[in-house]
Amino acid sequence: MKRLILFLMLAVATTAPACTNLIVSRGASADGSTFITYAADSHTRYGQLRFCPAADHQPGETLRLYNYGSLKFQIEIPQPAHTYQVVGFINEHQLAIGETTWGGISPLDKGNAEGIDYGNLIYVTLQRARNCREAIKVMHELVSTYGYAEGGESFSLADPNEAWIFEITSKGHFEKGAVWVARRVPDGYICGHANQARITTFPQESGKRKAENGKSISSKHINKIFDKDIECVYADDVISFARKQGFYTGTDANFSYADAYNPLTFSGLRACEARVYAMFNRCTDGMQRYEAYAMGDAKAERLPLWVKPNRKLTVQDCMALMRDHFEGTPMDMTQDVGAGPFHCPYRWRPMDFEVDGKKYVHERAISTQQTGFSFVAQCRSWLPNKLGGIIWFGVDDTYSTVYCPIYCGVTQVPLCFEEGNGSMSQYSETAAFWLFNRVSNFCYLRYDSMIVDVQRVQQELETDFVRDEISHSNRWAQEDNETRLVGALNRFSNDRAERMMRRWNELDQLLLMKYIDGNIKTVENGRIKTTPTGVVTGIKQPPYPAWFYRQIVNDHGEVLEVKE
């Protein structure tokens, strides 16, 4: 008898594509890890970790897939004989996948009439593939067999040895399936994407555009993907389909995937490519040459697909790169009048507005208020798989979150991240999502002062977590009893999550006491300063900045002026 499995996703429908990914190859990291980062920035995305155990399946057993956004039933597919354990966006073999949505041109942006959506494509692939190359093969087979019910998408893939960028879009109502290109990030380089297709021209096996190093193949030779010399793989009809539908008229050699399927617009530059520029700019020299492009000039020099960082990146560097408001650039969100007197780098939606017939935009930075969750996935070749893969998981705004280490080998998710512990419409005292949102939304009131307190605790926790993780992993690498190892991993991840929740609750209470009613109280040794008799002392009431007073006077001075 056929067994049906409900394959529910983490989140409810998104209102707009809004995610950011960084990809770090093994040679670009300080310890030989590969990294991918991911921020899920929908205004309706709830922060929790889905856990799916490994399983054996009987012949005839099927999997019912429900759309990642609408949660409506979508398609039913056969199960393989065995599926792998998945924790969030990483599986037991240290394969990690992230994504950003770009939609693409209108004939294709709604996807095939039937098929698999991008969320299920991630999770089904994680259950069936052990590394990046297997993942690319599985993704190709899934969309070819069942169709692709989505528009344009960029995926980040990482395993302990390699990192890839994979871009795909459907064939719309024209044909079943999808057109895609996947490229391996060269060792020693970093890549990124943020809701805009980034692969332009690519190596082709015809020889018209051969790779400088390695080889390329089309999907008709997909089984050759396991040849380590292969650096690029693409759908067999990725160019011919574009030409047939009138999206491209040039030669094969000059074909650009991004220009054919997701042509640049001002929004694609300023709201999307600018975020990739921000990441590159913080770890690579000479990026100012691309500033005009990032700010919306499509004729300026185009941002490269990948760059070589000026230093080897650590896991904490990757966390830091996900915390950005364009500081140090003309787009710095802390400096214009929209930041208010306390330099708050957030703007409530909508992002675009009009004044006196002219159109304007608020910046769309990597760090943004509506993030549901984000992570840094770390994959390490020198450790056993259950121990080597970590998803450093955080909820809410990346700038004020704490990345907590969850090993890919755990068999239980910490309560604060557990699926079903609260939702976007149900508050939970034990859910990290609601606690972190409570702190961050309070901080938005007096940002420049309060964020300092937040960062102090954030850095304390993350520094300790990274140090403890390295120490424990080195010791556990010698453990030959899998039951004891998994038990240790569960205890470690749960302990750090519980510690994070305790400290953040303490921070939440301290911020309320310290900043209530616009005052700033003095804190000593983590407590509000008082006299020996218990009276609060050392209260500060700093004035607004001079420019803010001037704006008040210009707007309302006649009413507020003191009369002699």
# chains A, B, ... in the order shown; residues from 1 in each chain; ligands from 1
>>> residues_around(residues="region 110-118 of chain A", least_positions_apart="2", cutoff="10 Å", atoms="only C-alpha atoms", output="MDAnalysis selection string")
chainID A and resid 65:69 74:77 99:101 103:108 120:124 139 142:155 168:178
>>> residues_around(residues="region 289-298 of chain A", least_positions_apart="6", cutoff="6 Å", atoms="only C-alpha atoms", output="count of residues only")
5
>>> atom_distance(atom1="CA of Val439 (chain A)", atom2="CA of Ala39 (chain A)")
18.9 Å
>>> residues_around(residues="Asn91 (chain A)", least_positions_apart="3", cutoff="12 Å", atoms="only C-alpha atoms", output="JSON list (two decimals) with all heavy atoms, in the first residue's frame")
[["chain", "number", "residue", "atom", "x", "y", "z"],
["A", 50, "ARG", "N", 13.51, 23.22, 10.36],
["A", 50, "ARG", "CA", 12.81, 21.98, 10.05],
["A", 50, "ARG", "C", 13.79, 20.80, 10.18],
["A", 50, "ARG", "O", 14.93, 20.88, 9.74],
["A", 50, "ARG", "CB", 12.26, 22.02, 8.63],
["A", 50, "ARG", "CG", 11.50, 20.77, 8.23],
["A", 50, "ARG", "CD", 11.01, 20.89, 6.79],
["A", 50, "ARG", "NE", 10.24, 19.72, 6.45],
["A", 50, "ARG", "CZ", 10.77, 18.59, 6.00],
["A", 50, "ARG", "NH1", 12.06, 18.50, 5.83],
["A", 50, "ARG", "NH2", 10.00, 17.56, 5.72],
["A", 51, "PHE", "N", 13.34, 19.73, 10.79],
["A", 51, "PHE", "CA", 14.15, 18.52, 10.92],
["A", 51, "PHE", "C", 13.45, 17.36, 10.23],
["A", 51, "PHE", "O", 12.26, 17.11, 10.46],
["A", 51, "PHE", "CB", 14.38, 18.17, 12.40],
["A", 51, "PHE", "CG", 15.11, 16.87, 12.59],
["A", 51, "PHE", "CD1", 16.48, 16.79, 12.41],
["A", 51, "PHE", "CD2", 14.42, 15.70, 12.93],
["A", 51, "PHE", "CE1", 17.16, 15.59, 12.57],
["A", 51, "PHE", "CE2", 15.09, 14.50, 13.10],
["A", 51, "PHE", "CZ", 16.46, 14.45, 12.92],
["A", 52, "CYS", "N", 14.19, 16.66, 9.35],
["A", 52, "CYS", "CA", 13.64, 15.50, 8.66],
["A", 52, "CYS", "C", 14.63, 14.36, 8.81],
["A", 52, "CYS", "O", 15.76, 14.43, 8.31],
["A", 52, "CYS", "CB", 13.41, 15.83, 7.19],
["A", 52, "CYS", "SG", 12.60, 14.51, 6.27],
["A", 53, "PRO", "N", 14.29, 13.30, 9.52],
["A", 53, "PRO", "CA", 15.24, 12.20, 9.75],
["A", 53, "PRO", "C", 15.49, 11.39, 8.48],
["A", 53, "PRO", "O", 14.69, 11.41, 7.54],
["A", 53, "PRO", "CB", 14.53, 11.35, 10.81],
["A", 53, "PRO", "CG", 13.08, 11.62, 10.59],
["A", 53, "PRO", "CD", 12.99, 13.06, 10.15],
["A", 54, "ALA", "N", 16.60, 10.68, 8.47],
["A", 54, "ALA", "CA", 16.87, 9.74, 7.39],
["A", 54, "ALA", "C", 15.81, 8.62, 7.43],
["A", 54, "ALA", "O", 15.24, 8.33, 8.48],
["A", 54, "ALA", "CB", 18.27, 9.15, 7.54],
["A", 83, "THR", "N", 16.44, 8.03, 1.98],
["A", 83, "THR", "CA", 16.60, 9.49, 2.00],
["A", 83, "THR", "C", 17.44, 9.88, 3.21],
["A", 83, "THR", "O", 17.43, 9.21, 4.24],
["A", 83, "THR", "CB", 15.25, 10.22, 2.05],
["A", 83, "THR", "OG1", 14.46, 9.68, 3.12],
["A", 83, "THR", "CG2", 14.50, 10.07, 0.74],
["A", 84, "TYR", "N", 18.17, 10.99, 3.08],
["A", 84, "TYR", "CA", 19.12, 11.42, 4.10],
["A", 84, "TYR", "C", 18.49, 12.38, 5.10],
["A", 84, "TYR", "O", 17.50, 13.05, 4.82],
["A", 84, "TYR", "CB", 20.32, 12.10, 3.43],
["A", 84, "TYR", "CG", 20.98, 11.26, 2.37],
["A", 84, "TYR", "CD1", 21.14, 11.75, 1.07],
["A", 84, "TYR", "CD2", 21.42, 9.98, 2.65],
["A", 84, "TYR", "CE1", 21.74, 10.98, 0.08],
["A", 84, "TYR", "CE2", 22.02, 9.19, 1.67],
["A", 84, "TYR", "CZ", 22.16, 9.71, 0.38],
["A", 84, "TYR", "OH", 22.74, 8.94, -0.59],
["A", 85, "GLN", "N", 19.10, 12.46, 6.26],
["A", 85, "GLN", "CA", 18.65, 13.38, 7.30],
["A", 85, "GLN", "C", 18.95, 14.83, 6.88],
["A", 85, "GLN", "O", 20.01, 15.13, 6.34],
["A", 85, "GLN", "CB", 19.36, 13.09, 8.62],
["A", 85, "GLN", "CG", 19.05, 14.10, 9.73],
["A", 85, "GLN", "CD", 19.70, 13.73, 11.03],
["A", 85, "GLN", "OE1", 19.37, 12.70, 11.61],
["A", 85, "GLN", "NE2", 20.61, 14.57, 11.51],
["A", 86, "VAL", "N", 17.98, 15.71, 7.17],
["A", 86, "VAL", "CA", 18.13, 17.13, 6.84],
["A", 86, "VAL", "C", 17.80, 17.96, 8.07],
["A", 86, "VAL", "O", 16.77, 17.74, 8.73],
["A", 86, "VAL", "CB", 17.19, 17.54, 5.67],
["A", 86, "VAL", "CG1", 17.35, 19.03, 5.36],
["A", 86, "VAL", "CG2", 17.48, 16.70, 4.43],
["A", 87, "VAL", "N", 18.68, 18.91, 8.39],
["A", 87, "VAL", "CA", 18.43, 19.88, 9.46],
["A", 87, "VAL", "C", 18.45, 21.26, 8.83],
["A", 87, "VAL", "O", 19.51, 21.75, 8.43],
["A", 87, "VAL", "CB", 19.50, 19.80, 10.57],
["A", 87, "VAL", "CG1", 19.18, 20.80, 11.68],
["A", 87, "VAL", "CG2", 19.59, 18.39, 11.13],
["A", 88, "GLY", "N", 17.29, 21.86, 8.69],
["A", 88, "GLY", "CA", 17.24, 23.17, 8.05],
["A", 88, "GLY", "C", 17.65, 23.05, 6.60],
["A", 88, "GLY", "O", 16.96, 22.44, 5.78],
["A", 94, "GLN", "N", 26.82, 16.87, 4.89],
["A", 94, "GLN", "CA", 27.37, 18.22, 4.83],
["A", 94, "GLN", "C", 27.08, 18.92, 3.50],
["A", 94, "GLN", "O", 27.80, 19.84, 3.11],
["A", 94, "GLN", "CB", 28.87, 18.25, 5.07],
["A", 94, "GLN", "CG", 29.36, 17.66, 6.39],
["A", 94, "GLN", "CD", 30.82, 17.95, 6.61],
["A", 94, "GLN", "OE1", 31.24, 19.11, 6.72],
["A", 94, "GLN", "NE2", 31.63, 16.91, 6.69],
["A", 95, "LEU", "N", 26.06, 18.51, 2.80],
["A", 95, "LEU", "CA", 25.60, 19.26, 1.64],
["A", 95, "LEU", "C", 24.67, 20.35, 2.12],
["A", 95, "LEU", "O", 23.70, 20.07, 2.84],
["A", 95, "LEU", "CB", 24.86, 18.34, 0.66],
["A", 95, "LEU", "CG", 24.14, 19.06, -0.50],
["A", 95, "LEU", "CD1", 25.15, 19.72, -1.44],
["A", 95, "LEU", "CD2", 23.25, 18.07, -1.27],
["A", 96, "ALA", "N", 24.95, 21.60, 1.75],
["A", 96, "ALA", "CA", 24.13, 22.74, 2.16],
["A", 96, "ALA", "C", 23.65, 23.48, 0.91],
["A", 96, "ALA", "O", 24.37, 23.60, -0.08],
["A", 96, "ALA", "CB", 24.92, 23.68, 3.05],
["A", 97, "ILE", "N", 22.42, 24.00, 0.97],
["A", 97, "ILE", "CA", 21.84, 24.73, -0.16],
["A", 97, "ILE", "C", 21.14, 25.99, 0.36],
["A", 97, "ILE", "O", 20.39, 25.95, 1.33],
["A", 97, "ILE", "CB", 20.83, 23.86, -0.94],
["A", 97, "ILE", "CG1", 21.47, 22.56, -1.42],
["A", 97, "ILE", "CG2", 20.26, 24.64, -2.13],
["A", 97, "ILE", "CD1", 20.52, 21.63, -2.17],
["A", 122, "ILE", "N", 14.85, 22.34, -3.11],
["A", 122, "ILE", "CA", 15.93, 22.33, -2.13],
["A", 122, "ILE", "C", 15.83, 21.10, -1.22],
["A", 122, "ILE", "O", 16.79, 20.33, -1.06],
["A", 122, "ILE", "CB", 15.91, 23.61, -1.28],
["A", 122, "ILE", "CG1", 16.30, 24.83, -2.11],
["A", 122, "ILE", "CG2", 16.85, 23.47, -0.07],
["A", 122, "ILE", "CD1", 16.18, 26.14, -1.37],
["A", 123, "TYR", "N", 14.68, 20.92, -0.61],
["A", 123, "TYR", "CA", 14.55, 19.89, 0.42],
["A", 123, "TYR", "C", 14.59, 18.48, -0.15],
["A", 123, "TYR", "O", 15.17, 17.57, 0.45],
["A", 123, "TYR", "CB", 13.28, 20.12, 1.23],
["A", 123, "TYR", "CG", 13.45, 21.20, 2.25],
["A", 123, "TYR", "CD1", 12.87, 22.45, 2.07],
["A", 123, "TYR", "CD2", 14.24, 21.00, 3.37],
["A", 123, "TYR", "CE1", 13.06, 23.47, 2.98],
["A", 123, "TYR", "CE2", 14.43, 22.00, 4.29],
["A", 123, "TYR", "CZ", 13.85, 23.23, 4.10],
["A", 123, "TYR", "OH", 14.05, 24.23, 5.00],
["A", 124, "VAL", "N", 13.97, 18.27, -1.31],
["A", 124, "VAL", "CA", 14.04, 16.94, -1.91],
["A", 124, "VAL", "C", 15.48, 16.63, -2.33],
["A", 124, "VAL", "O", 15.96, 15.50, -2.15],
["A", 124, "VAL", "CB", 13.08, 16.85, -3.12],
["A", 124, "VAL", "CG1", 13.27, 15.52, -3.85],
["A", 124, "VAL", "CG2", 11.63, 16.97, -2.64],
["A", 125, "THR", "N", 16.17, 17.62, -2.85],
["A", 125, "THR", "CA", 17.57, 17.42, -3.24],
["A", 125, "THR", "C", 18.43, 17.10, -2.03],
["A", 125, "THR", "O", 19.29, 16.20, -2.07],
["A", 125, "THR", "CB", 18.11, 18.66, -3.97],
["A", 125, "THR", "OG1", 17.34, 18.87, -5.16],
["A", 125, "THR", "CG2", 19.57, 18.48, -4.34],
["A", 126, "LEU", "N", 18.23, 17.82, -0.92],
["A", 126, "LEU", "CA", 19.01, 17.55, 0.29],
["A", 126, "LEU", "C", 18.76, 16.13, 0.80],
["A", 126, "LEU", "O", 19.65, 15.51, 1.39],
["A", 126, "LEU", "CB", 18.66, 18.56, 1.38],
["A", 126, "LEU", "CG", 19.23, 19.97, 1.20],
["A", 126, "LEU", "CD1", 18.64, 20.93, 2.23],
["A", 126, "LEU", "CD2", 20.77, 19.95, 1.32],
["A", 127, "GLN", "N", 17.58, 15.61, 0.57],
["A", 127, "GLN", "CA", 17.27, 14.25, 1.00],
["A", 127, "GLN", "C", 17.87, 13.19, 0.09],
["A", 127, "GLN", "O", 17.97, 12.02, 0.48],
["A", 127, "GLN", "CB", 15.76, 14.06, 1.08],
["A", 127, "GLN", "CG", 15.09, 14.80, 2.22],
["A", 127, "GLN", "CD", 13.62, 14.48, 2.30],
["A", 127, "GLN", "OE1", 12.90, 14.47, 1.31],
["A", 127, "GLN", "NE2", 13.15, 14.21, 3.50],
["A", 128, "ARG", "N", 18.29, 13.59, -1.13],
["A", 128, "ARG", "CA", 18.69, 12.59, -2.12],
["A", 128, "ARG", "C", 20.13, 12.73, -2.60],
["A", 128, "ARG", "O", 20.60, 11.86, -3.36],
["A", 128, "ARG", "CB", 17.75, 12.67, -3.33],
["A", 128, "ARG", "CG", 16.30, 12.41, -2.97],
["A", 128, "ARG", "CD", 15.38, 12.47, -4.18],
["A", 128, "ARG", "NE", 14.00, 12.23, -3.80],
["A", 128, "ARG", "CZ", 13.05, 11.78, -4.61],
["A", 128, "ARG", "NH1", 13.36, 11.52, -5.88],
["A", 128, "ARG", "NH2", 11.82, 11.60, -4.19],
["A", 129, "ALA", "N", 20.84, 13.78, -2.24],
["A", 129, "ALA", "CA", 22.18, 14.01, -2.77],
["A", 129, "ALA", "C", 23.19, 14.13, -1.63],
["A", 129, "ALA", "O", 22.86, 14.61, -0.54],
["A", 129, "ALA", "CB", 22.20, 15.28, -3.62],
["A", 130, "ARG", "N", 24.44, 13.73, -1.90],
["A", 130, "ARG", "CA", 25.48, 13.75, -0.88],
["A", 130, "ARG", "C", 26.50, 14.86, -1.10],
["A", 130, "ARG", "O", 27.29, 15.13, -0.19],
["A", 130, "ARG", "CB", 26.20, 12.40, -0.84],
["A", 130, "ARG", "CG", 25.34, 11.23, -0.39],
["A", 130, "ARG", "CD", 26.03, 9.91, -0.63],
["A", 130, "ARG", "NE", 26.22, 9.68, -2.07],
["A", 130, "ARG", "CZ", 26.80, 8.60, -2.59],
["A", 130, "ARG", "NH1", 27.26, 7.65, -1.78],
["A", 130, "ARG", "NH2", 26.93, 8.46, -3.89],
["A", 131, "ASN", "N", 26.51, 15.47, -2.27],
["A", 131, "ASN", "CA", 27.47, 16.53, -2.53],
["A", 131, "ASN", "C", 26.92, 17.44, -3.63],
["A", 131, "ASN", "O", 25.83, 17.18, -4.18],
["A", 131, "ASN", "CB", 28.84, 15.95, -2.93],
["A", 131, "ASN", "CG", 28.75, 14.99, -4.09],
["A", 131, "ASN", "OD1", 28.23, 15.30, -5.15],
["A", 131, "ASN", "ND2", 29.26, 13.77, -3.89],
["A", 132, "CYS", "N", 27.67, 18.48, -3.97],
["A", 132, "CYS", "CA", 27.19, 19.47, -4.93],
["A", 132, "CYS", "C", 26.89, 18.85, -6.30],
["A", 132, "CYS", "O", 25.88, 19.16, -6.92],
["A", 132, "CYS", "CB", 28.21, 20.59, -5.10],
["A", 132, "CYS", "SG", 28.46, 21.61, -3.63],
["A", 135, "ALA", "N", 23.86, 16.89, -6.28],
["A", 135, "ALA", "CA", 22.72, 17.80, -6.15],
["A", 135, "ALA", "C", 22.33, 18.38, -7.50],
["A", 135, "ALA", "O", 21.14, 18.48, -7.83],
["A", 135, "ALA", "CB", 23.06, 18.92, -5.17],
["A", 157, "LEU", "N", 25.31, 26.17, -3.48],
["A", 157, "LEU", "CA", 25.54, 24.79, -3.06],
["A", 157, "LEU", "C", 26.94, 24.66, -2.49],
["A", 157, "LEU", "O", 27.89, 25.20, -3.05],
["A", 157, "LEU", "CB", 25.39, 23.81, -4.23],
["A", 157, "LEU", "CG", 24.01, 23.66, -4.88],
["A", 157, "LEU", "CD1", 23.78, 24.70, -5.95],
["A", 157, "LEU", "CD2", 23.86, 22.26, -5.49],
["A", 158, "ALA", "N", 27.05, 23.96, -1.37],
["A", 158, "ALA", "CA", 28.36, 23.73, -0.76],
["A", 158, "ALA", "C", 28.41, 22.33, -0.17],
["A", 158, "ALA", "O", 27.42, 21.84, 0.38],
["A", 158, "ALA", "CB", 28.67, 24.76, 0.32],
["A", 159, "ASP", "N", 29.56, 21.69, -0.31],
["A", 159, "ASP", "CA", 29.87, 20.46, 0.39],
["A", 159, "ASP", "C", 31.26, 20.63, 0.99],
["A", 159, "ASP", "O", 31.84, 21.72, 0.88],
["A", 159, "ASP", "CB", 29.74, 19.24, -0.54],
["A", 159, "ASP", "CG", 30.71, 19.26, -1.72],
["A", 159, "ASP", "OD1", 31.86, 19.74, -1.54],
["A", 159, "ASP", "OD2", 30.36, 18.78, -2.81],
["A", 160, "PRO", "N", 31.83, 19.65, 1.64],
["A", 160, "PRO", "CA", 33.13, 19.88, 2.28],
["A", 160, "PRO", "C", 34.27, 20.23, 1.34],
["A", 160, "PRO", "O", 35.30, 20.74, 1.77],
["A", 160, "PRO", "CB", 33.41, 18.54, 2.99],
["A", 160, "PRO", "CG", 32.05, 17.96, 3.23],
["A", 160, "PRO", "CD", 31.25, 18.36, 2.04],
["A", 377, "ALA", "N", 26.22, 28.27, 6.73],
["A", 377, "ALA", "CA", 26.48, 26.83, 6.69],
["A", 377, "ALA", "C", 27.97, 26.61, 6.51],
["A", 377, "ALA", "O", 28.59, 27.19, 5.61],
["A", 377, "ALA", "CB", 25.70, 26.18, 5.55],
["A", 378, "GLN", "N", 28.55, 25.77, 7.37],
["A", 378, "GLN", "CA", 29.99, 25.49, 7.35],
["A", 378, "GLN", "C", 30.19, 24.01, 7.10],
["A", 378, "GLN", "O", 29.61, 23.16, 7.80],
["A", 378, "GLN", "CB", 30.63, 25.90, 8.67],
["A", 378, "GLN", "CG", 32.12, 25.68, 8.76],
["A", 378, "GLN", "CD", 32.72, 26.17, 10.07],
["A", 378, "GLN", "OE1", 32.00, 26.43, 11.04],
["A", 378, "GLN", "NE2", 34.03, 26.30, 10.10],
["A", 379, "CYS", "N", 31.02, 23.67, 6.10],
["A", 379, "CYS", "CA", 31.28, 22.27, 5.74],
["A", 379, "CYS", "C", 32.78, 22.02, 5.82],
["A", 379, "CYS", "O", 33.57, 22.77, 5.22],
["A", 379, "CYS", "CB", 30.77, 21.99, 4.33],
["A", 379, "CYS", "SG", 29.07, 22.54, 4.02],
["A", 385, "ASN", "N", 31.31, 13.44, 8.90],
["A", 385, "ASN", "CA", 30.20, 14.24, 8.39],
["A", 385, "ASN", "C", 29.28, 14.78, 9.48],
["A", 385, "ASN", "O", 28.91, 15.96, 9.46],
["A", 385, "ASN", "CB", 29.38, 13.42, 7.39],
["A", 385, "ASN", "CG", 30.03, 13.37, 6.03],
["A", 385, "ASN", "OD1", 30.72, 14.30, 5.62],
["A", 385, "ASN", "ND2", 29.83, 12.27, 5.32],
["A", 386, "LYS", "N", 28.87, 13.93, 10.42],
["A", 386, "LYS", "CA", 27.93, 14.37, 11.44],
["A", 386, "LYS", "C", 28.48, 15.54, 12.27],
["A", 386, "LYS", "O", 27.74, 16.37, 12.79],
["A", 386, "LYS", "CB", 27.55, 13.22, 12.37],
["A", 386, "LYS", "CG", 26.72, 12.14, 11.71],
["A", 386, "LYS", "CD", 26.37, 11.04, 12.70],
["A", 386, "LYS", "CE", 25.61, 9.91, 12.03],
["A", 386, "LYS", "NZ", 24.32, 10.34, 11.44],
["A", 387, "LEU", "N", 29.79, 15.59, 12.37],
["A", 387, "LEU", "CA", 30.48, 16.60, 13.15],
["A", 387, "LEU", "C", 30.97, 17.76, 12.29],
["A", 387, "LEU", "O", 31.06, 18.90, 12.75],
["A", 387, "LEU", "CB", 31.67, 15.94, 13.85],
["A", 387, "LEU", "CG", 32.57, 16.75, 14.77],
["A", 387, "LEU", "CD1", 31.77, 17.36, 15.91],
["A", 387, "LEU", "CD2", 33.69, 15.86, 15.31],
["A", 388, "GLY", "N", 31.26, 17.47, 11.03],
["A", 388, "GLY", "CA", 31.88, 18.47, 10.16],
["A", 388, "GLY", "C", 30.94, 19.55, 9.68],
["A", 388, "GLY", "O", 31.37, 20.69, 9.44],
["A", 389, "GLY", "N", 29.67, 19.22, 9.52],
["A", 389, "GLY", "CA", 28.71, 20.19, 9.00],
["A", 389, "GLY", "C", 27.98, 20.92, 10.11],
["A", 389, "GLY", "O", 27.46, 20.30, 11.04],
["A", 390, "ILE", "N", 27.94, 22.23, 10.02],
["A", 390, "ILE", "CA", 27.23, 23.05, 11.01],
["A", 390, "ILE", "C", 26.37, 24.07, 10.28],
["A", 390, "ILE", "O", 26.81, 24.67, 9.30],
["A", 390, "ILE", "CB", 28.20, 23.83, 11.93],
["A", 390, "ILE", "CG1", 29.15, 22.88, 12.65],
["A", 390, "ILE", "CG2", 27.44, 24.65, 12.95],
["A", 390, "ILE", "CD1", 30.15, 23.63, 13.53],
["A", 391, "ILE", "N", 25.17, 24.27, 10.76],
["A", 391, "ILE", "CA", 24.37, 25.39, 10.32],
["A", 391, "ILE", "C", 24.31, 26.37, 11.50],
["A", 391, "ILE", "O", 23.73, 26.09, 12.54],
["A", 391, "ILE", "CB", 22.97, 24.97, 9.83],
["A", 391, "ILE", "CG1", 22.19, 26.17, 9.29],
["A", 391, "ILE", "CG2", 22.18, 24.21, 10.88],
["A", 391, "ILE", "CD1", 20.94, 25.81, 8.51],
["A", 406, "ILE", "N", 24.36, 24.58, 15.17],
["A", 406, "ILE", "CA", 23.55, 23.36, 15.14],
["A", 406, "ILE", "C", 24.26, 22.38, 14.21],
["A", 406, "ILE", "O", 24.36, 22.60, 13.01],
["A", 406, "ILE", "CB", 22.13, 23.64, 14.62],
["A", 406, "ILE", "CG1", 21.49, 24.83, 15.34],
["A", 406, "ILE", "CG2", 21.28, 22.37, 14.75],
["A", 406, "ILE", "CD1", 21.25, 24.63, 16.81],
["A", 407, "TYR", "N", 24.77, 21.29, 14.76],
["A", 407, "TYR", "CA", 25.48, 20.30, 13.94],
["A", 407, "TYR", "C", 24.51, 19.58, 13.01],
["A", 407, "TYR", "O", 23.35, 19.32, 13.37],
["A", 407, "TYR", "CB", 26.17, 19.27, 14.84],
["A", 407, "TYR", "CG", 27.40, 19.79, 15.54],
["A", 407, "TYR", "CD1", 27.34, 20.21, 16.86],
["A", 407, "TYR", "CD2", 28.62, 19.85, 14.88],
["A", 407, "TYR", "CE1", 28.47, 20.68, 17.53],
["A", 407, "TYR", "CE2", 29.76, 20.32, 15.53],
["A", 407, "TYR", "CZ", 29.68, 20.73, 16.84],
["A", 407, "TYR", "OH", 30.79, 21.20, 17.49],
["A", 408, "CYS", "N", 25.01, 19.21, 11.82],
["A", 408, "CYS", "CA", 24.16, 18.49, 10.88],
["A", 408, "CYS", "C", 23.83, 17.09, 11.37],
["A", 408, "CYS", "O", 22.92, 16.44, 10.86],
["A", 408, "CYS", "CB", 24.80, 18.44, 9.50],
["A", 408, "CYS", "SG", 26.24, 17.36, 9.35],
["A", 409, "GLY", "N", 24.57, 16.59, 12.39],
["A", 409, "GLY", "CA", 24.31, 15.26, 12.91],
["A", 409, "GLY", "C", 23.36, 15.21, 14.09],
["A", 409, "GLY", "O", 23.13, 14.12, 14.64],
["A", 410, "VAL", "N", 22.79, 16.34, 14.51],
["A", 410, "VAL", "CA", 21.87, 16.32, 15.64],
["A", 410, "VAL", "C", 20.60, 15.56, 15.26],
["A", 410, "VAL", "O", 20.23, 15.50, 14.08],
["A", 410, "VAL", "CB", 21.50, 17.74, 16.13],
["A", 410, "VAL", "CG1", 22.73, 18.51, 16.57],
["A", 410, "VAL", "CG2", 20.72, 18.50, 15.06],
["A", 411, "THR", "N", 19.95, 15.00, 16.25],
["A", 411, "THR", "CA", 18.67, 14.33, 16.01],
["A", 411, "THR", "C", 17.52, 15.04, 16.69],
["A", 411, "THR", "O", 16.38, 14.57, 16.67],
["A", 411, "THR", "CB", 18.73, 12.87, 16.52],
["A", 411, "THR", "OG1", 19.10, 12.87, 17.90],
["A", 411, "THR", "CG2", 19.73, 12.07, 15.71]]
>>> closest_residue(among="A:Glu498, A:Glu419, A:Asp227, A:Glu301", to="Leu49 (chain A)", atoms="only C-alpha atoms")
A:Glu419
>>> atom_distance(atom1="CA of Tyr360 (chain A)", atom2="CA of Gly557 (chain A)")
28.2 Å
>>> residues_around(residues="Asp237 (chain A)", least_positions_apart="3", cutoff="10 Å", atoms="only C-alpha atoms", output="PyMOL selection string")
chain A and resi 178-180+218-220+234+240-244
>>> select_by_dssp(residues="region 78-191 of chain A", states="strand (DSSP E or B)", output="NGL selection string")
:A and (78 or 82-83 or 86-87 or 90-91 or 96-103 or 116 or 148 or 152-158 or 163-170 or 178-184 or 190-191)
>>> residues_around(residues="Thr398 (chain A)", least_positions_apart="4", cutoff="7 Å", atoms="only C-alpha atoms", output="list in words")
Met322, Arg323, Ser367 and Ser374 of chain A
>>> write_last_selection(atoms="N, CA and C atoms", output="mmCIF file, in the first residue's frame")
data_model
loop_
_atom_site.group_PDB
_atom_site.id
_atom_site.type_symbol
_atom_site.label_atom_id
_atom_site.label_comp_id
_atom_site.auth_asym_id
_atom_site.auth_seq_id
_atom_site.Cartn_x
_atom_site.Cartn_y
_atom_site.Cartn_z
ATOM 1 N N MET A 322 27.190 39.368 6.564
ATOM 2 C CA MET A 322 25.731 39.394 6.491
ATOM 3 C C MET A 322 25.143 40.529 7.316
ATOM 4 N N ARG A 323 26.009 41.353 7.894
ATOM 5 C CA ARG A 323 25.570 42.487 8.717
ATOM 6 C C ARG A 323 26.049 43.771 8.068
ATOM 7 N N SER A 367 21.326 43.651 5.716
ATOM 8 C CA SER A 367 20.615 43.628 6.998
ATOM 9 C C SER A 367 19.307 44.389 6.842
ATOM 10 N N SER A 374 18.253 33.514 9.182
ATOM 11 C CA SER A 374 19.446 33.497 8.343
ATOM 12 C C SER A 374 20.382 32.433 8.884
#
>>> atom_distance(atom1="CA of Phe393 (chain A)", atom2="CA of Cys318 (chain A)")
12.5 Å
>>> residues_around(residues="region 190-195 of chain A", least_positions_apart="5", cutoff="7 Å", atoms="only C-alpha atoms", output="list in words")
Pro17, Ala18, Cys19, Thr20, Asn21, Leu22, Ile23, Val24, Ser25, Ala28, Thr100, Thr101, Trp102, Val185, Cys272, Glu273, Arg275, Val276, Leu305, Trp306, Val307, Lys308 and Pro309 of chain A
